[in-house]
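*Asks:* Following this message is one structure expressed as structure tokens.
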Amino acid sequence: MTRIWRFALLFGLGCSSAEPEPPAGPLDLDTRSAVPSQNVAKPPPDVPEKPWRGEPFGDSLPPGVKRLSEEEGNELVAKCKPLEAAVFGRRPRGGSTSDAASIGVAEGVLEVLADPPPLQGIDVKRCASLLERDVKDFLARAREARAAQALRTVLLALSDRDKAGSAPCPAAPPVPADVTTVAAGPYESKPRDFEPEGWRCAKYNPLGAPQHFQIEVARRGDSYRVVARLYPVKGGPISELYVETPVKGVDVATPILRRVE
């Protein structure tokens with residue numbers, strides 16, 4: 001897509017005389033690029049006898065994010081309004097990380113910022129750099145929030161099974177099998193991906209919904225370790241979110257952690 005058309009698309013979303021219609025869904029759902037990628041970061045090896053160390057994932061920045069300082073944030077607001085208006089239109093820059101339309105617009109904005117429109121009266125290069133970092137921060141948090149929601153969904157199903165007095169579930173293999181598949185774009189799962197007994201037991205099946213993360217249920221003795229691996233920033237380092245709980249007495253309130261070295 002040329003710069004003119006990218007610019008026209010996003011500008012049209014927010015600056016028409018009528019209230020813009022939200023897009024049908026995220027603009028990043030093209031799964032044609034969802035194949036294993038070369039030269040991207042991979043998680044450290046899992047040594048069974050070595051416990052993982054983690055910290056609450058919401059207490060630190062997603063890997064690859066360089067959040068704006070307070071001074072930079074003030075600069076963006078004070079000096080870069082023309083560029084923000086050009087690429088976001090009437091849509092708010094700080095949308096909800098759970099809103100598909102906001103996520104889709106943010107993905108489109110990144111495309112425009114790669115070759116920003118010429119504007120008078122501002123330092124376009126500087127403003128584009130600040131705005132790009134802010135948008136990447138938003139998208140990284142949105143991707144991690146989606147992964148965390150998937151972990152909670154699996155944990156709830158395991159808890160329901162435990163409360164029903166059923167036998168614990170076996171391990172469920174990672175989907176997709178190669179984590180680098182989600183480095184360049186979302187993966188669209190196939191029905192066969194969730195046919196293994198572990199997944200049928202956990203009753204998790206996103207029905208082909210594009211996912212920016214790899215998900216897995218591991219067994220460590222008498223405990224579950226449910227893991228979501230993702231690249232919060234395209235081309236950046238990997239993030240491993242996980243939750244561990246005993247197979248008996250599954251606690252749905254167990255905090256979601258980010259693995260740290």
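By order of appearance in the structure tokens: chains A, B, ..., then residues from 1 within every chain, and ligands from 1 in the order shown.
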Residues within 10 Å of Ala167 of chain A, please, as a PyMOL selection string. Count only C-alpha atoms; anything in the same chain fewer than 3 positions from it doesn't count.
*Replies:* chain A and resi 161-162+164+170+201+247-248
*Asks:* Using only C-alpha atoms, please write the residues we just selected to a file, as a short mmCIF file (atom, residue, chain, number, x, y, z; two decimals), in the first residue's frame.
*Replies:*
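Now in part.cif:
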data_model
loop_
_atom_site.label_atom_id
_atom_site.label_comp_id
_atom_site.auth_asym_id
_atom_site.auth_seq_id
_atom_site.Cartn_x
_atom_site.Cartn_y
_atom_site.Cartn_z
CA ARG A 161 -12.41 -30.00 36.12
CA ASP A 162 -10.69 -30.14 39.51
CA ALA A 164 -15.84 -31.72 39.51
CA PRO A 170 -2.27 -34.34 30.76
CA CYS A 201 -9.29 -32.15 28.44
CA VAL A 247 -3.28 -29.95 39.77
CA LYS A 248 -5.34 -30.46 42.93
#
*Asks:* Given only C-alpha atoms as the basis, pick out the residue of A:Arg152, A:Arg258, A:Lys190, A:Lys136 nearest to Glu55 of chain A.
*Replies:*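 Ranked by minimum distance to Glu55 of chain A, first place goes to A:Arg258.
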*Asks:* List as number ranges by chain the protein and nucleic acid residues near Leu207 of chain A, meaning an atom at most 12 Å away when only C-alpha atoms are counted, but skip any in the same chain fewer than 4 places from it.
*Replies:* A: 187-195, 203, 211
*Asks:* When DSSP works through the backbone of this structure, what residues of segment 148-205 of chain A end up as helix (DSSP H, G or I), shown as a PDB file with all heavy atoms, in the first residue's frame?
*Replies:*
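File written: part_7.pdb
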ATOM      1  N   ALA A 148      -2.653 -13.095  28.269  1.00  0.00           N
ATOM      2  CA  ALA A 148      -3.039 -13.315  29.660  1.00  0.00           C
ATOM      3  C   ALA A 148      -4.486 -13.792  29.758  1.00  0.00           C
ATOM      4  O   ALA A 148      -4.819 -14.648  30.594  1.00  0.00           O
ATOM      5  CB  ALA A 148      -2.850 -12.031  30.464  1.00  0.00           C
ATOM      6  N   GLN A 149      -5.349 -13.259  28.908  1.00  0.00           N
ATOM      7  CA  GLN A 149      -6.745 -13.695  28.903  1.00  0.00           C
ATOM      8  C   GLN A 149      -6.849 -15.171  28.526  1.00  0.00           C
ATOM      9  O   GLN A 149      -7.643 -15.923  29.103  1.00  0.00           O
ATOM     10  CB  GLN A 149      -7.551 -12.846  27.928  1.00  0.00           C
ATOM     11  CG  GLN A 149      -9.039 -13.175  27.914  1.00  0.00           C
ATOM     12  CD  GLN A 149      -9.806 -12.307  26.938  1.00  0.00           C
ATOM     13  OE1 GLN A 149      -9.283 -11.897  25.905  1.00  0.00           O
ATOM     14  NE2 GLN A 149     -11.049 -12.007  27.263  1.00  0.00           N
ATOM     15  N   ALA A 150      -6.023 -15.603  27.567  1.00  0.00           N
ATOM     16  CA  ALA A 150      -6.024 -17.015  27.181  1.00  0.00           C
ATOM     17  C   ALA A 150      -5.561 -17.894  28.338  1.00  0.00           C
ATOM     18  O   ALA A 150      -6.120 -18.971  28.583  1.00  0.00           O
ATOM     19  CB  ALA A 150      -5.128 -17.219  25.963  1.00  0.00           C
ATOM     20  N   LEU A 151      -4.545 -17.446  29.075  1.00  0.00           N
ATOM     21  CA  LEU A 151      -4.074 -18.214  30.229  1.00  0.00           C
ATOM     22  C   LEU A 151      -5.183 -18.356  31.265  1.00  0.00           C
ATOM     23  O   LEU A 151      -5.378 -19.437  31.843  1.00  0.00           O
ATOM     24  CB  LEU A 151      -2.855 -17.534  30.854  1.00  0.00           C
ATOM     25  CG  LEU A 151      -1.581 -17.465  30.010  1.00  0.00           C
ATOM     26  CD1 LEU A 151      -0.460 -16.790  30.800  1.00  0.00           C
ATOM     27  CD2 LEU A 151      -1.142 -18.852  29.562  1.00  0.00           C
ATOM     28  N   ARG A 152      -5.915 -17.276  31.513  1.00  0.00           N
ATOM     29  CA  ARG A 152      -7.011 -17.323  32.486  1.00  0.00           C
ATOM     30  C   ARG A 152      -8.112 -18.276  32.022  1.00  0.00           C
ATOM     31  O   ARG A 152      -8.714 -18.990  32.831  1.00  0.00           O
ATOM     32  CB  ARG A 152      -7.592 -15.925  32.691  1.00  0.00           C
ATOM     33  CG  ARG A 152      -6.722 -14.990  33.486  1.00  0.00           C
ATOM     34  CD  ARG A 152      -6.700 -15.363  34.949  1.00  0.00           C
ATOM     35  NE  ARG A 152      -5.822 -14.487  35.709  1.00  0.00           N
ATOM     36  CZ  ARG A 152      -5.128 -14.869  36.752  1.00  0.00           C
ATOM     37  NH1 ARG A 152      -5.187 -16.132  37.168  1.00  0.00           N
ATOM     38  NH2 ARG A 152      -4.362 -14.024  37.403  1.00  0.00           N
ATOM     39  N   THR A 153      -8.376 -18.293  30.724  1.00  0.00           N
ATOM     40  CA  THR A 153      -9.407 -19.185  30.190  1.00  0.00           C
ATOM     41  C   THR A 153      -9.040 -20.645  30.433  1.00  0.00           C
ATOM     42  O   THR A 153      -9.876 -21.449  30.867  1.00  0.00           O
ATOM     43  CB  THR A 153      -9.589 -18.932  28.680  1.00  0.00           C
ATOM     44  OG1 THR A 153     -10.015 -17.579  28.478  1.00  0.00           O
ATOM     45  CG2 THR A 153     -10.629 -19.870  28.088  1.00  0.00           C
ATOM     46  N   VAL A 154      -7.780 -20.988  30.165  1.00  0.00           N
ATOM     47  CA  VAL A 154      -7.323 -22.359  30.400  1.00  0.00           C
ATOM     48  C   VAL A 154      -7.362 -22.682  31.888  1.00  0.00           C
ATOM     49  O   VAL A 154      -7.814 -23.759  32.303  1.00  0.00           O
ATOM     50  CB  VAL A 154      -5.899 -22.557  29.845  1.00  0.00           C
ATOM     51  CG1 VAL A 154      -5.358 -23.929  30.234  1.00  0.00           C
ATOM     52  CG2 VAL A 154      -5.895 -22.399  28.332  1.00  0.00           C
ATOM     53  N   LEU A 155      -6.904 -21.753  32.708  1.00  0.00           N
ATOM     54  CA  LEU A 155      -6.867 -21.981  34.157  1.00  0.00           C
ATOM     55  C   LEU A 155      -8.269 -22.214  34.706  1.00  0.00           C
ATOM     56  O   LEU A 155      -8.481 -23.075  35.573  1.00  0.00           O
ATOM     57  CB  LEU A 155      -6.217 -20.777  34.845  1.00  0.00           C
ATOM     58  CG  LEU A 155      -5.761 -20.967  36.295  1.00  0.00           C
ATOM     59  CD1 LEU A 155      -4.691 -22.040  36.389  1.00  0.00           C
ATOM     60  CD2 LEU A 155      -5.238 -19.650  36.858  1.00  0.00           C
ATOM     61  N   LEU A 156      -9.244 -21.471  34.212  1.00  0.00           N
ATOM     62  CA  LEU A 156     -10.622 -21.635  34.671  1.00  0.00           C
ATOM     63  C   LEU A 156     -11.154 -23.020  34.316  1.00  0.00           C
ATOM     64  O   LEU A 156     -11.825 -23.668  35.131  1.00  0.00           O
ATOM     65  CB  LEU A 156     -11.505 -20.553  34.052  1.00  0.00           C
ATOM     66  CG  LEU A 156     -12.976 -20.542  34.489  1.00  0.00           C
ATOM     67  CD1 LEU A 156     -13.083 -20.335  35.996  1.00  0.00           C
ATOM     68  CD2 LEU A 156     -13.745 -19.449  33.748  1.00  0.00           C
ATOM     69  N   ALA A 157     -10.840 -23.498  33.110  1.00  0.00           N
ATOM     70  CA  ALA A 157     -11.292 -24.829  32.698  1.00  0.00           C
ATOM     71  C   ALA A 157     -10.639 -25.910  33.560  1.00  0.00           C
ATOM     72  O   ALA A 157     -11.296 -26.885  33.956  1.00  0.00           O
ATOM     73  CB  ALA A 157     -10.970 -25.060  31.226  1.00  0.00           C
ATOM     74  N   LEU A 158      -9.358 -25.750  33.864  1.00  0.00           N
ATOM     75  CA  LEU A 158      -8.674 -26.723  34.723  1.00  0.00           C
ATOM     76  C   LEU A 158      -9.259 -26.707  36.128  1.00  0.00           C
ATOM     77  O   LEU A 158      -9.382 -27.757  36.779  1.00  0.00           O
ATOM     78  CB  LEU A 158      -7.179 -26.409  34.770  1.00  0.00           C
ATOM     79  CG  LEU A 158      -6.409 -26.548  33.451  1.00  0.00           C
ATOM     80  CD1 LEU A 158      -4.960 -26.096  33.632  1.00  0.00           C
ATOM     81  CD2 LEU A 158      -6.462 -27.979  32.933  1.00  0.00           C
ATOM     82  N   SER A 159      -9.636 -25.529  36.606  1.00  0.00           N
ATOM     83  CA  SER A 159     -10.250 -25.412  37.928  1.00  0.00           C
ATOM     84  C   SER A 159     -11.614 -26.098  37.958  1.00  0.00           C
ATOM     85  O   SER A 159     -11.949 -26.812  38.917  1.00  0.00           O
ATOM     86  CB  SER A 159     -10.389 -23.939  38.309  1.00  0.00           C
ATOM     87  OG  SER A 159     -11.102 -23.790  39.519  1.00  0.00           O
ATOM     88  N   ASP A 160     -12.421 -25.888  36.912  1.00  0.00           N
ATOM     89  CA  ASP A 160     -13.740 -26.521  36.851  1.00  0.00           C
ATOM     90  C   ASP A 160     -13.609 -28.044  36.872  1.00  0.00           C
ATOM     91  O   ASP A 160     -14.393 -28.742  37.531  1.00  0.00           O
ATOM     92  CB  ASP A 160     -14.474 -26.083  35.580  1.00  0.00           C
ATOM     93  CG  ASP A 160     -14.944 -24.637  35.648  1.00  0.00           C
ATOM     94  OD1 ASP A 160     -14.970 -24.072  36.757  1.00  0.00           O
ATOM     95  OD2 ASP A 160     -15.273 -24.080  34.582  1.00  0.00           O
ATOM     96  N   ARG A 161     -12.620 -28.544  36.154  1.00  0.00           N
ATOM     97  CA  ARG A 161     -12.413 -29.995  36.124  1.00  0.00           C
ATOM     98  C   ARG A 161     -12.001 -30.503  37.507  1.00  0.00           C
ATOM     99  O   ARG A 161     -12.467 -31.546  37.971  1.00  0.00           O
ATOM    100  CB  ARG A 161     -11.338 -30.334  35.085  1.00  0.00           C
ATOM    101  CG  ARG A 161     -11.119 -31.827  34.909  1.00  0.00           C
ATOM    102  CD  ARG A 161     -10.139 -32.120  33.787  1.00  0.00           C
ATOM    103  NE  ARG A 161      -9.921 -33.554  33.656  1.00  0.00           N
ATOM    104  CZ  ARG A 161     -10.702 -34.371  32.970  1.00  0.00           C
ATOM    105  NH1 ARG A 161     -11.761 -33.894  32.342  1.00  0.00           N
ATOM    106  NH2 ARG A 161     -10.439 -35.663  32.902  1.00  0.00           N
ATOM    107  N   ASP A 162     -11.143 -29.756  38.174  1.00  0.00           N
ATOM    108  CA  ASP A 162     -10.695 -30.141  39.510  1.00  0.00           C
ATOM    109  C   ASP A 162     -11.866 -30.146  40.493  1.00  0.00           C
ATOM    110  O   ASP A 162     -12.030 -31.079  41.284  1.00  0.00           O
ATOM    111  CB  ASP A 162      -9.606 -29.169  39.971  1.00  0.00           C
ATOM    112  CG  ASP A 162      -9.128 -29.451  41.385  1.00  0.00           C
ATOM    113  OD1 ASP A 162      -8.826 -30.620  41.699  1.00  0.00           O
ATOM    114  OD2 ASP A 162      -9.055 -28.495  42.181  1.00  0.00           O
ATOM    115  N   LYS A 163     -12.712 -29.119  40.422  1.00  0.00           N
ATOM    116  CA  LYS A 163     -13.857 -29.033  41.332  1.00  0.00           C
ATOM    117  C   LYS A 163     -14.861 -30.155  41.082  1.00  0.00           C
ATOM    118  O   LYS A 163     -15.580 -30.566  42.003  1.00  0.00           O
ATOM    119  CB  LYS A 163     -14.540 -27.676  41.176  1.00  0.00           C
ATOM    120  CG  LYS A 163     -13.718 -26.514  41.717  1.00  0.00           C
ATOM    121  CD  LYS A 163     -14.420 -25.188  41.477  1.00  0.00           C
ATOM    122  CE  LYS A 163     -13.606 -24.027  42.020  1.00  0.00           C
ATOM    123  NZ  LYS A 163     -14.252 -22.710  41.743  1.00  0.00           N
ATOM    124  N   VAL A 179       7.371 -21.368  17.989  1.00  0.00           N
ATOM    125  CA  VAL A 179       7.002 -20.043  18.494  1.00  0.00           C
ATOM    126  C   VAL A 179       7.354 -18.934  17.514  1.00  0.00           C
ATOM    127  O   VAL A 179       6.693 -17.884  17.483  1.00  0.00           O
ATOM    128  CB  VAL A 179       7.669 -19.786  19.866  1.00  0.00           C
ATOM    129  CG1 VAL A 179       9.177 -19.649  19.725  1.00  0.00           C
ATOM    130  CG2 VAL A 179       7.078 -18.552  20.537  1.00  0.00           C
ATOM    131  N   THR A 180       8.373 -19.130  16.674  1.00  0.00           N
ATOM    132  CA  THR A 180       8.746 -18.068  15.738  1.00  0.00           C
ATOM    133  C   THR A 180       7.675 -17.835  14.679  1.00  0.00           C
ATOM    134  O   THR A 180       7.723 -16.840  13.954  1.00  0.00           O
ATOM    135  CB  THR A 180      10.090 -18.376  15.049  1.00  0.00           C
ATOM    136  OG1 THR A 180       9.964 -19.540  14.223  1.00  0.00           O
ATOM    137  CG2 THR A 180      11.186 -18.609  16.078  1.00  0.00           C
ATOM    138  N   THR A 181       6.698 -18.730  14.603  1.00  0.00           N
ATOM    139  CA  THR A 181       5.584 -18.535  13.676  1.00  0.00           C
ATOM    140  C   THR A 181       4.833 -17.242  13.976  1.00  0.00           C
ATOM    141  O   THR A 181       4.306 -16.596  13.071  1.00  0.00           O
ATOM    142  CB  THR A 181       4.615 -19.733  13.756  1.00  0.00           C
ATOM    143  OG1 THR A 181       5.319 -20.926  13.409  1.00  0.00           O
ATOM    144  CG2 THR A 181       3.443 -19.570  12.811  1.00  0.00           C
ATOM    145  N   VAL A 182       4.776 -16.851  15.256  1.00  0.00           N
ATOM    146  CA  VAL A 182       4.022 -15.647  15.624  1.00  0.00           C
ATOM    147  C   VAL A 182       4.912 -14.412  15.699  1.00  0.00           C
ATOM    148  O   VAL A 182       4.467 -13.359  16.158  1.00  0.00           O
ATOM    149  CB  VAL A 182       3.278 -15.844  16.965  1.00  0.00           C
ATOM    150  CG1 VAL A 182       2.247 -16.944  16.841  1.00  0.00           C
ATOM    151  CG2 VAL A 182       4.248 -16.137  18.104  1.00  0.00           C
ATOM    152  N   PRO A 191      -8.281 -26.840  13.338  1.00  0.00           N
ATOM    153  CA  PRO A 191      -8.939 -27.759  14.278  1.00  0.00           C
ATOM    154  C   PRO A 191      -8.005 -28.835  14.812  1.00  0.00           C
ATOM    155  O   PRO A 191      -8.075 -29.204  15.991  1.00  0.00           O
ATOM    156  CB  PRO A 191     -10.073 -28.354  13.440  1.00  0.00           C
ATOM    157  CG  PRO A 191     -10.405 -27.286  12.448  1.00  0.00           C
ATOM    158  CD  PRO A 191      -9.082 -26.651  12.103  1.00  0.00           C
ATOM    159  N   ARG A 192      -7.107 -29.331  13.970  1.00  0.00           N
ATOM    160  CA  ARG A 192      -6.209 -30.408  14.407  1.00  0.00           C
ATOM    161  C   ARG A 192      -5.224 -29.946  15.481  1.00  0.00           C
ATOM    162  O   ARG A 192      -4.677 -30.771  16.217  1.00  0.00           O
ATOM    163  CB  ARG A 192      -5.439 -30.971  13.215  1.00  0.00           C
ATOM    164  CG  ARG A 192      -4.500 -29.987  12.537  1.00  0.00           C
ATOM    165  CD  ARG A 192      -3.725 -30.641  11.399  1.00  0.00           C
ATOM    166  NE  ARG A 192      -2.844 -29.705  10.719  1.00  0.00           N
ATOM    167  CZ  ARG A 192      -3.203 -28.943   9.700  1.00  0.00           C
ATOM    168  NH1 ARG A 192      -4.448 -29.018   9.237  1.00  0.00           N
ATOM    169  NH2 ARG A 192      -2.343 -28.108   9.137  1.00  0.00           N
ATOM    170  N   ASP A 193      -4.974 -28.629  15.565  1.00  0.00           N
ATOM    171  CA  ASP A 193      -4.027 -28.135  16.563  1.00  0.00           C
ATOM    172  C   ASP A 193      -4.472 -28.470  17.981  1.00  0.00           C
ATOM    173  O   ASP A 193      -3.639 -28.667  18.873  1.00  0.00           O
ATOM    174  CB  ASP A 193      -3.865 -26.613  16.444  1.00  0.00           C
ATOM    175  CG  ASP A 193      -3.107 -26.198  15.194  1.00  0.00           C
ATOM    176  OD1 ASP A 193      -2.240 -26.968  14.749  1.00  0.00           O
ATOM    177  OD2 ASP A 193      -3.386 -25.103  14.666  1.00  0.00           O
ATOM    178  N   PHE A 194      -5.790 -28.491  18.191  1.00  0.00           N
ATOM    179  CA  PHE A 194      -6.311 -28.703  19.541  1.00  0.00           C
ATOM    180  C   PHE A 194      -6.984 -30.063  19.705  1.00  0.00           C
ATOM    181  O   PHE A 194      -7.813 -30.250  20.591  1.00  0.00           O
ATOM    182  CB  PHE A 194      -7.271 -27.558  19.903  1.00  0.00           C
ATOM    183  CG  PHE A 194      -6.569 -26.230  20.011  1.00  0.00           C
ATOM    184  CD1 PHE A 194      -6.568 -25.340  18.950  1.00  0.00           C
ATOM    185  CD2 PHE A 194      -5.868 -25.898  21.154  1.00  0.00           C
ATOM    186  CE1 PHE A 194      -5.895 -24.129  19.032  1.00  0.00           C
ATOM    187  CE2 PHE A 194      -5.190 -24.691  21.249  1.00  0.00           C
ATOM    188  CZ  PHE A 194      -5.203 -23.807  20.187  1.00  0.00           C
ATOM    189  N   GLU A 197      -5.119 -34.905  23.425  1.00  0.00           N
ATOM    190  CA  GLU A 197      -5.912 -35.144  24.626  1.00  0.00           C
ATOM    191  C   GLU A 197      -5.800 -34.008  25.636  1.00  0.00           C
ATOM    192  O   GLU A 197      -6.781 -33.629  26.279  1.00  0.00           O
ATOM    193  CB  GLU A 197      -5.475 -36.465  25.273  1.00  0.00           C
ATOM    194  CG  GLU A 197      -6.151 -36.773  26.608  1.00  0.00           C
ATOM    195  CD  GLU A 197      -7.670 -36.847  26.510  1.00  0.00           C
ATOM    196  OE1 GLU A 197      -8.185 -37.142  25.411  1.00  0.00           O
ATOM    197  OE2 GLU A 197      -8.341 -36.599  27.533  1.00  0.00           O
ATOM    198  N   GLY A 198      -4.596 -33.453  25.798  1.00  0.00           N
ATOM    199  CA  GLY A 198      -4.423 -32.381  26.773  1.00  0.00           C
ATOM    200  C   GLY A 198      -5.308 -31.186  26.492  1.00  0.00           C
ATOM    201  O   GLY A 198      -5.888 -30.590  27.411  1.00  0.00           O
ATOM    202  N   TRP A 199      -5.449 -30.827  25.206  1.00  0.00           N
ATOM    203  CA  TRP A 199      -6.292 -29.685  24.856  1.00  0.00           C
ATOM    204  C   TRP A 199      -7.773 -30.030  24.958  1.00  0.00           C
ATOM    205  O   TRP A 199      -8.580 -29.202  25.394  1.00  0.00           O
ATOM    206  CB  TRP A 199      -5.958 -29.181  23.452  1.00  0.00           C
ATOM    207  CG  TRP A 199      -4.664 -28.438  23.384  1.00  0.00           C
ATOM    208  CD1 TRP A 199      -3.570 -28.729  22.627  1.00  0.00           C
ATOM    209  CD2 TRP A 199      -4.321 -27.266  24.133  1.00  0.00           C
ATOM    210  NE1 TRP A 199      -2.566 -27.827  22.848  1.00  0.00           N
ATOM    211  CE2 TRP A 199      -2.999 -26.909  23.772  1.00  0.00           C
ATOM    212  CE3 TRP A 199      -4.986 -26.485  25.075  1.00  0.00           C
ATOM    213  CZ2 TRP A 199      -2.343 -25.808  24.315  1.00  0.00           C
ATOM    214  CZ3 TRP A 199      -4.333 -25.389  25.622  1.00  0.00           C
ATOM    215  CH2 TRP A 199      -3.037 -25.062  25.245  1.00  0.00           C
ATOM    216  N   ARG A 200      -8.135 -31.235  24.561  1.00  0.00           N
ATOM    217  CA  ARG A 200      -9.547 -31.617  24.684  1.00  0.00           C
ATOM    218  C   ARG A 200      -9.952 -31.672  26.154  1.00  0.00           C
ATOM    219  O   ARG A 200     -11.064 -31.304  26.522  1.00  0.00           O
ATOM    220  CB  ARG A 200      -9.784 -32.961  23.997  1.00  0.00           C
ATOM    221  CG  ARG A 200      -9.747 -32.852  22.478  1.00  0.00           C
ATOM    222  CD  ARG A 200     -10.208 -34.104  21.763  1.00  0.00           C
ATOM    223  NE  ARG A 200      -9.189 -35.157  21.811  1.00  0.00           N
ATOM    224  CZ  ARG A 200      -9.324 -36.297  22.456  1.00  0.00           C
ATOM    225  NH1 ARG A 200     -10.427 -36.543  23.140  1.00  0.00           N
ATOM    226  NH2 ARG A 200      -8.364 -37.194  22.436  1.00  0.00           N
ATOM    227  N   CYS A 201      -9.020 -32.102  27.003  1.00  0.00           N
ATOM    228  CA  CYS A 201      -9.287 -32.147  28.438  1.00  0.00           C
ATOM    229  C   CYS A 201      -9.454 -30.737  29.005  1.00  0.00           C
ATOM    230  O   CYS A 201     -10.353 -30.473  29.804  1.00  0.00           O
ATOM    231  CB  CYS A 201      -8.144 -32.872  29.145  1.00  0.00           C
ATOM    232  SG  CYS A 201      -8.328 -33.024  30.932  1.00  0.00           S
ATOM    233  N   ALA A 202      -8.593 -29.818  28.569  1.00  0.00           N
ATOM    234  CA  ALA A 202      -8.651 -28.437  29.062  1.00  0.00           C
ATOM    235  C   ALA A 202      -9.769 -27.635  28.410  1.00  0.00           C
ATOM    236  O   ALA A 202     -10.048 -26.502  28.823  1.00  0.00           O
ATOM    237  CB  ALA A 202      -7.316 -27.740  28.817  1.00  0.00           C
TER     238      ALA A 202
END
*Asks:* Do you know which residues are at most 8 Å from segment 76-79 of chain A counting only C-alpha atoms, after dropping those on the same chain fewer than 2 positions away, and could you put them as a PyMOL selection string?
*Replies:* chain A and resi 72-74+81+122+127+130-131
*Asks:* With distances taken over only C-alpha atoms, which residue among A:Val260, A:Ile215, A:Ala142, A:Val87 lies nearest Ala177 of chain A?
*Replies:*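 Answer, going by the shortest atom-to-atom distance: A:Ile215.
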*Asks:* Which residues of segment 50-120 of chain A have any atom within 9 Å of an atom in segment 221-238 of chain A when counting only C-alpha atoms, and what is the closest pair of atoms for each, with the distance in Å to one decimal? Order the rows by chain and rising number and write it as JSON lines.
*Replies:*
{"residue": "A:Pro62", "atom": "CA", "partner": "A:Pro232", "partner_atom": "CA", "distance": 6.4}
{"residue": "A:Pro63", "atom": "CA", "partner": "A:Pro237", "partner_atom": "CA", "distance": 5.8}
{"residue": "A:Gly64", "atom": "CA", "partner": "A:Gly236", "partner_atom": "CA", "distance": 5.2}
{"residue": "A:Val65", "atom": "CA", "partner": "A:Val233", "partner_atom": "CA", "distance": 7.0}
*Asks:* From the options A:Glu70, A:Glu144, A:Asp178, A:Asp123, which residue's atoms come nearest to Ile256 of chain A, counting only C-alpha atoms?
*Replies:*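 Nearest candidate to Ile256 of chain A out of A:Glu70, A:Glu144, A:Asp178, A:Asp123: A:Glu144.
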*Asks:* What separation in Å, quoted to one decimal, exists between atom CA of Trp52 of chain A and atom CA of Arg259 of chain A?
*Replies:* 6.7 Å
*Asks:* So which one's closest to Glu216 of chain A, A:Ala184, A:Ala85, A:Val175, A:Val252? Using only C-alpha atoms, please.
*Replies:*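 Counting only C-alpha atoms, the residue closest to Glu216 of chain A is A:Val175.
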*Asks:* Here is a test: counting only C-alpha atoms, which residue of A:Leu68, A:Pro186, A:Val217, A:Ala114 is nearest to Phe138 of chain A?
*Replies:*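 Using only C-alpha atoms, Phe138 of chain A sits closest to A:Leu68.
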